[in-house]
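Shown next: upload-v7.pdb, containing PDB, C-alpha atoms, pLDDT in the B column.
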ATOM      1  CA  MET R   1       0.000   0.000   0.000  1.00 43.00           C
ATOM      2  CA  SER R   2       1.253   3.463  -0.885  1.00 46.00           C
ATOM      3  CA  THR R   3       2.245   5.943   1.784  1.00 53.00           C
ATOM      4  CA  ARG R   4       0.650   8.883  -0.047  1.00 58.00           C
ATOM      5  CA  PRO R   5      -1.915  10.577   2.176  1.00 65.00           C
ATOM      6  CA  HIS R   6      -5.648  10.715   1.603  1.00 75.00           C
ATOM      7  CA  ARG R   7      -6.907  14.076   0.380  1.00 81.00           C
ATOM      8  CA  ILE R   8     -10.006  15.457   2.027  1.00 83.00           C
ATOM      9  CA  GLN R   9     -11.845  18.390   0.445  1.00 84.00           C
ATOM     10  CA  ILE R  10     -14.258  20.111   2.816  1.00 86.00           C
ATOM     11  CA  GLN R  11     -16.707  22.809   1.780  1.00 83.00           C
ATOM     12  CA  VAL R  12     -18.861  24.466   4.426  1.00 84.00           C
ATOM     13  CA  SER R  13     -21.928  26.331   3.208  1.00 80.00           C
ATOM     14  CA  VAL R  14     -23.683  26.927   6.527  1.00 78.00           C
ATOM     15  CA  ARG R  15     -22.883  29.861   8.780  1.00 77.00           C
ATOM     16  CA  GLN R  16     -20.312  29.267  11.489  1.00 71.00           C
ATOM     17  CA  PRO R  17     -19.957  31.443  14.595  1.00 69.00           C
ATOM     18  CA  SER R  18     -16.202  31.967  14.231  1.00 82.00           C
ATOM     19  CA  ASP R  19     -13.082  31.075  12.301  1.00 84.00           C
ATOM     20  CA  ALA R  20     -11.979  28.885  15.223  1.00 88.00           C
ATOM     21  CA  ALA R  21     -15.242  26.895  15.080  1.00 88.00           C
ATOM     22  CA  LEU R  22     -14.849  26.488  11.323  1.00 89.00           C
ATOM     23  CA  ARG R  23     -11.265  25.223  11.707  1.00 89.00           C
ATOM     24  CA  ARG R  24     -12.372  22.768  14.420  1.00 92.00           C
ATOM     25  CA  LEU R  25     -15.250  21.516  12.268  1.00 93.00           C
ATOM     26  CA  LYS R  26     -12.955  20.922   9.282  1.00 93.00           C
ATOM     27  CA  ARG R  27     -10.385  19.160  11.474  1.00 93.00           C
ATOM     28  CA  VAL R  28     -12.968  16.811  13.031  1.00 95.00           C
ATOM     29  CA  LEU R  29     -14.454  15.942   9.633  1.00 95.00           C
ATOM     30  CA  ALA R  30     -11.080  15.356   7.967  1.00 94.00           C
ATOM     31  CA  GLU R  31      -9.858  13.178  10.860  1.00 94.00           C
ATOM     32  CA  ALA R  32     -13.016  11.054  10.659  1.00 95.00           C
ATOM     33  CA  VAL R  33     -12.695  10.517   6.901  1.00 95.00           C
ATOM     34  CA  ARG R  34      -8.999   9.639   7.207  1.00 93.00           C
ATOM     35  CA  ALA R  35      -9.676   7.228  10.081  1.00 94.00           C
ATOM     36  CA  ALA R  36     -12.425   5.467   8.140  1.00 95.00           C
ATOM     37  CA  LEU R  37     -10.256   5.098   5.032  1.00 94.00           C
ATOM     38  CA  ALA R  38      -7.211   3.991   7.032  1.00 91.00           C
ATOM     39  CA  GLY R  39      -9.302   1.636   9.172  1.00 88.00           C
ATOM     40  CA  ARG R  40     -10.458  -0.176   6.062  1.00 90.00           C
ATOM     41  CA  LYS R  41      -6.968  -0.075   4.512  1.00 89.00           C
ATOM     42  CA  ALA R  42      -8.241   1.942   1.558  1.00 88.00           C
ATOM     43  CA  ARG R  43      -5.651   3.020  -0.956  1.00 85.00           C
ATOM     44  CA  PRO R  44      -4.822   6.737  -1.124  1.00 84.00           C
ATOM     45  CA  GLY R  45      -7.560   8.847  -2.573  1.00 87.00           C
ATOM     46  CA  THR R  46      -9.852  11.808  -2.246  1.00 90.00           C
ATOM     47  CA  VAL R  47     -13.185  12.362  -0.514  1.00 93.00           C
ATOM     48  CA  SER R  48     -15.215  15.550  -0.817  1.00 94.00           C
ATOM     49  CA  VAL R  49     -17.328  16.637   2.175  1.00 95.00           C
ATOM     50  CA  SER R  50     -19.964  19.378   1.953  1.00 94.00           C
ATOM     51  CA  VAL R  51     -21.498  20.678   5.163  1.00 94.00           C
ATOM     52  CA  VAL R  52     -24.940  22.054   4.378  1.00 94.00           C
ATOM     53  CA  GLY R  53     -28.218  23.059   5.965  1.00 94.00           C
ATOM     54  CA  ASP R  54     -31.444  21.083   6.117  1.00 95.00           C
ATOM     55  CA  ALA R  55     -32.932  22.650   2.969  1.00 95.00           C
ATOM     56  CA  ALA R  56     -29.927  21.683   0.863  1.00 95.00           C
ATOM     57  CA  ILE R  57     -29.717  18.124   2.173  1.00 97.00           C
ATOM     58  CA  ARG R  58     -33.464  17.694   1.698  1.00 97.00           C
ATOM     59  CA  ARG R  59     -33.079  18.758  -1.952  1.00 97.00           C
ATOM     60  CA  LEU R  60     -30.201  16.309  -2.463  1.00 97.00           C
ATOM     61  CA  ASN R  61     -32.122  13.501  -0.764  1.00 96.00           C
ATOM     62  CA  ARG R  62     -35.201  14.204  -2.906  1.00 97.00           C
ATOM     63  CA  ASP R  63     -33.390  14.739  -6.212  1.00 97.00           C
ATOM     64  CA  PHE R  64     -30.988  11.794  -5.983  1.00 94.00           C
ATOM     65  CA  LEU R  65     -32.711   9.263  -3.729  1.00 93.00           C
ATOM     66  CA  GLY R  66     -36.406  10.137  -4.045  1.00 96.00           C
ATOM     67  CA  HIS R  67     -36.846  10.832  -0.300  1.00 96.00           C
ATOM     68  CA  ASP R  68     -38.435  14.214   0.378  1.00 97.00           C
ATOM     69  CA  TYR R  69     -37.068  14.914   3.861  1.00 96.00           C
ATOM     70  CA  ALA R  70     -33.945  16.285   5.496  1.00 95.00           C
ATOM     71  CA  THR R  71     -31.501  13.614   6.629  1.00 95.00           C
ATOM     72  CA  ASP R  72     -28.187  13.701   8.443  1.00 95.00           C
ATOM     73  CA  VAL R  73     -25.640  12.409   5.924  1.00 96.00           C
ATOM     74  CA  LEU R  74     -25.724  11.341   2.281  1.00 97.00           C
ATOM     75  CA  SER R  75     -23.043   9.409   0.408  1.00 96.00           C
ATOM     76  CA  PHE R  76     -22.455   9.598  -3.323  1.00 95.00           C
ATOM     77  CA  PRO R  77     -19.831   6.974  -4.203  1.00 93.00           C
ATOM     78  CA  THR R  78     -17.959   6.931  -7.483  1.00 89.00           C
ATOM     79  CA  GLU R  79     -16.870   3.903  -9.404  1.00 74.00           C
ATOM     80  CA  GLY R  80     -13.165   4.517  -8.739  1.00 58.00           C
ATOM     81  CA  ALA R  81     -12.753   7.538 -10.973  1.00 59.00           C
ATOM     82  CA  PRO R  82      -9.126   8.682 -10.829  1.00 58.00           C
ATOM     83  CA  ALA R  83      -8.252  11.816  -8.866  1.00 53.00           C
ATOM     84  CA  GLY R  84      -4.680  12.754  -9.577  1.00 56.00           C
ATOM     85  CA  ASP R  85      -2.440  10.324  -7.720  1.00 61.00           C
ATOM     86  CA  GLY R  86      -5.248   8.273  -6.207  1.00 73.00           C
ATOM     87  CA  ARG R  87      -8.843   7.204  -6.341  1.00 84.00           C
ATOM     88  CA  TYR R  88     -11.785   9.567  -6.041  1.00 90.00           C
ATOM     89  CA  TYR R  89     -14.050   7.807  -3.522  1.00 93.00           C
ATOM     90  CA  GLY R  90     -16.975  10.209  -3.835  1.00 93.00           C
ATOM     91  CA  ASP R  91     -18.904  12.926  -2.067  1.00 95.00           C
ATOM     92  CA  LEU R  92     -20.484  13.241   1.351  1.00 96.00           C
ATOM     93  CA  ALA R  93     -23.139  15.803   2.254  1.00 97.00           C
ATOM     94  CA  LEU R  94     -23.683  16.394   5.970  1.00 96.00           C
ATOM     95  CA  SER R  95     -26.461  18.437   7.557  1.00 96.00           C
ATOM     96  CA  LEU R  96     -24.992  20.405  10.443  1.00 95.00           C
ATOM     97  CA  PRO R  97     -28.455  21.234  11.886  1.00 94.00           C
ATOM     98  CA  ARG R  98     -29.361  17.495  11.908  1.00 95.00           C
ATOM     99  CA  ALA R  99     -26.024  16.634  13.542  1.00 95.00           C
ATOM    100  CA  ARG R 100     -26.571  19.277  16.240  1.00 93.00           C
ATOM    101  CA  ALA R 101     -30.098  18.050  16.968  1.00 94.00           C
ATOM    102  CA  GLN R 102     -29.017  14.400  17.107  1.00 93.00           C
ATOM    103  CA  ALA R 103     -26.089  15.165  19.406  1.00 93.00           C
ATOM    104  CA  LYS R 104     -28.381  17.074  21.751  1.00 93.00           C
ATOM    105  CA  GLY R 105     -31.039  14.328  21.606  1.00 91.00           C
ATOM    106  CA  GLY R 106     -28.443  11.624  22.245  1.00 89.00           C
ATOM    107  CA  GLY R 107     -26.765  13.531  25.069  1.00 90.00           C
ATOM    108  CA  HIS R 108     -23.304  13.447  23.518  1.00 92.00           C
ATOM    109  CA  ALA R 109     -20.863  15.937  22.027  1.00 93.00           C
ATOM    110  CA  LEU R 110     -21.414  17.413  18.569  1.00 95.00           C
ATOM    111  CA  ASP R 111     -17.890  16.332  17.577  1.00 95.00           C
ATOM    112  CA  ASP R 112     -18.789  12.698  18.321  1.00 95.00           C
ATOM    113  CA  GLU R 113     -21.975  12.956  16.257  1.00 95.00           C
ATOM    114  CA  LEU R 114     -19.975  14.457  13.377  1.00 96.00           C
ATOM    115  CA  ARG R 115     -17.451  11.617  13.640  1.00 96.00           C
ATOM    116  CA  LEU R 116     -20.241   9.049  13.583  1.00 96.00           C
ATOM    117  CA  LEU R 117     -21.948  10.567  10.552  1.00 96.00           C
ATOM    118  CA  ILE R 118     -18.749  11.013   8.556  1.00 96.00           C
ATOM    119  CA  VAL R 119     -17.455   7.522   9.367  1.00 96.00           C
ATOM    120  CA  HIS R 120     -20.864   6.113   8.426  1.00 95.00           C
ATOM    121  CA  GLY R 121     -20.915   8.038   5.147  1.00 96.00           C
ATOM    122  CA  THR R 122     -17.332   7.113   4.303  1.00 95.00           C
ATOM    123  CA  LEU R 123     -18.076   3.440   4.873  1.00 96.00           C
ATOM    124  CA  HIS R 124     -20.883   3.781   2.332  1.00 95.00           C
ATOM    125  CA  LEU R 125     -18.331   5.238  -0.113  1.00 95.00           C
ATOM    126  CA  LEU R 126     -16.247   2.107   0.489  1.00 93.00           C
ATOM    127  CA  GLY R 127     -19.152  -0.188  -0.396  1.00 93.00           C
ATOM    128  CA  PHE R 128     -20.614  -0.914   3.045  1.00 95.00           C
ATOM    129  CA  ASP R 129     -24.373  -0.946   3.489  1.00 94.00           C
ATOM    130  CA  HIS R 130     -26.971  -1.801   6.128  1.00 92.00           C
ATOM    131  CA  ASP R 131     -29.731  -3.102   3.888  1.00 92.00           C
ATOM    132  CA  THR R 132     -29.698  -6.635   5.349  1.00 93.00           C
ATOM    133  CA  PRO R 133     -29.086  -7.824   8.916  1.00 93.00           C
ATOM    134  CA  ALA R 134     -25.739  -9.423   8.008  1.00 94.00           C
ATOM    135  CA  ARG R 135     -24.513  -6.352   6.120  1.00 95.00           C
ATOM    136  CA  GLN R 136     -25.709  -4.112   8.945  1.00 93.00           C
ATOM    137  CA  ARG R 137     -23.735  -6.119  11.532  1.00 93.00           C
ATOM    138  CA  ARG R 138     -20.615  -5.901   9.335  1.00 95.00           C
ATOM    139  CA  MET R 139     -21.031  -2.145   8.857  1.00 94.00           C
ATOM    140  CA  TRP R 140     -21.807  -1.428  12.529  1.00 94.00           C
ATOM    141  CA  ARG R 141     -18.757  -3.477  13.567  1.00 94.00           C
ATOM    142  CA  ALA R 142     -16.480  -1.516  11.205  1.00 95.00           C
ATOM    143  CA  GLN R 143     -18.085   1.745  12.315  1.00 94.00           C
ATOM    144  CA  SER R 144     -17.559   0.909  15.998  1.00 93.00           C
ATOM    145  CA  GLU R 145     -13.906  -0.043  15.435  1.00 94.00           C
ATOM    146  CA  ILE R 146     -13.172   3.242  13.657  1.00 95.00           C
ATOM    147  CA  LEU R 147     -15.076   5.368  16.181  1.00 95.00           C
ATOM    148  CA  THR R 148     -13.241   3.662  19.040  1.00 94.00           C
ATOM    149  CA  ALA R 149      -9.917   4.403  17.343  1.00 94.00           C
ATOM    150  CA  LEU R 150     -10.987   8.053  17.058  1.00 94.00           C
ATOM    151  CA  GLY R 151     -11.867   8.166  20.766  1.00 92.00           C
ATOM    152  CA  ALA R 152     -15.529   8.887  20.063  1.00 91.00           C
ATOM    153  CA  ARG R 153     -17.949   8.268  22.897  1.00 88.00           C
ATOM    154  CA  ILE R 154     -20.598   6.777  20.608  1.00 82.00           C
ATOM    155  CA  THR R 155     -19.543   3.441  19.195  1.00 64.00           C
ATOM    156  CA  SER R 156     -22.206   0.777  19.736  1.00 55.00           C
ATOM    157  CA  PRO R 157     -25.147   0.059  17.405  1.00 52.00           C
ATOM    158  CA  LYS R 158     -27.663   1.253  19.986  1.00 46.00           C
ATOM    159  CA  ASP R 159     -25.959   4.662  19.879  1.00 44.00           C
ATOM    160  CA  VAL R 160     -26.290   5.025  16.107  1.00 46.00           C
ATOM    161  CA  HIS R 161     -28.749   7.710  15.023  1.00 44.00           C
ATOM    162  CA  VAL R 162     -28.070   7.704  11.312  1.00 45.00           C
ATOM    163  CA  ALA R 163     -31.307   8.445   9.479  1.00 44.00           C
ATOM    164  CA  GLY R 164     -32.571   6.503   6.499  1.00 42.00           C
TER     165      GLY R 164
END

What is this structure when it is put down as structure tokens?
Amino acid sequence: MSTRPHRIQIQVSVRQPSDAALRRLKRVLAEAVRAALAGRKARPGTVSVSVVGDAAIRRLNRDFLGHDYATDVLSFPTEGAPAGDGRYYGDLALSLPRARAQAKGGGHALDDELRLLIVHGTLHLLGFDHDTPARQRRMWRAQSEILTALGARITSPKDVHVAG
């Protein structure tokens, strides 16, 4: 496996209270993507993450998946399209308002909710799914391993709030 790093592109289109909060948000998201890719021994590549509001994620969910509601995270995998020196894994769209509400509802830190959602979405980019009980167990196990490695305080399936 190559030692080239993964490239993470993060675009934030929701208002942030400060530059420090924006830097923290980008750091947490990038660390979660890198941990998920490294935890699954994925070859070097690029993932794009867009942080959006509920209206934007609802539009994406409706236009691409046919579900007319706001969700927390959406994954749009590619079929291994090249991205410079590595693979382009795809795009993630994350609703910051959904993440905030779920963190508050679950009684845990926003950073841990963001880690959960980004790890979950990245696993989808890597081909994981939870459409059958066996595939769900496999995905939840991988998700828990990565979240534990990140030091997140939500790691077990009962703690997972991912919508859809």

Counting only C-alpha atoms, write as a ChimeraX atom specification all protein and nucleic acid residues lying at most 10 Å from (-14.1, 16.3, 6.4) in the file's frame.
/R:7-12,25-34,47-51,92-94,114-115,118-119,122

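The coordinates place atom CA of R:Leu117 at 16.0 Å from atom CA of R:Arg24.
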
Given the file above and the PyMOL selection byres ((chain R and resi 44-46) around 6), which residues are selected, and can you give them as a list in words?
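Against this file, the PyMOL selection byres ((chain R and resi 44-46) around 6) returns the residues Arg4, Pro5, His6, Arg7, Ile8, Arg43, Val47, Gly86, Arg87, Tyr88 and Tyr89 of chain R.
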
Run the PyMOL selection byres ((chain R and resi 126) around 12) against the file shown and list the residues it catches, as a ChimeraX atom specification.
/R:33,36-43,45-47,75-80,87-92,119-125,127-129,139,142-143

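Comparing the minimum interatomic distances between R:Ala56 and each of R:Gln136, R:Ser18, R:Ser144, R:Thr71, counting only C-alpha atoms, we find that R:Thr71 sits nearest.
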
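For the pair atom CA of R:Lys104 and atom CA of R:Ala20, the separation is 21.2 Å.
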
I want to know what sits within 12 Å of R:Ile57, based on all atoms listed in the file, with residues of the same chain fewer than 4 positions away left out; could you give that as a list in words?
Ser13, Val14, Ser50, Val51, Val52, Gly53, Asn61, Arg62, Asp63, Phe64, Leu65, His67, Asp68, Tyr69, Ala70, Thr71, Asp72, Val73, Leu74, Ser75, Leu92, Ala93, Leu94, Ser95, Leu96, Pro97 and Arg98 of chain R

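If you look at atom CA of R:Leu110 and atom CA of R:Ile154, they are 10.9 Å away from each other.
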
Could you give me, as number ranges by chain, the residues that have an atom at most 6 Å away from the point (-6.6, 5.9, 13.8) in the coordinates of the file, using only C-alpha atoms?
R: 35, 149-150
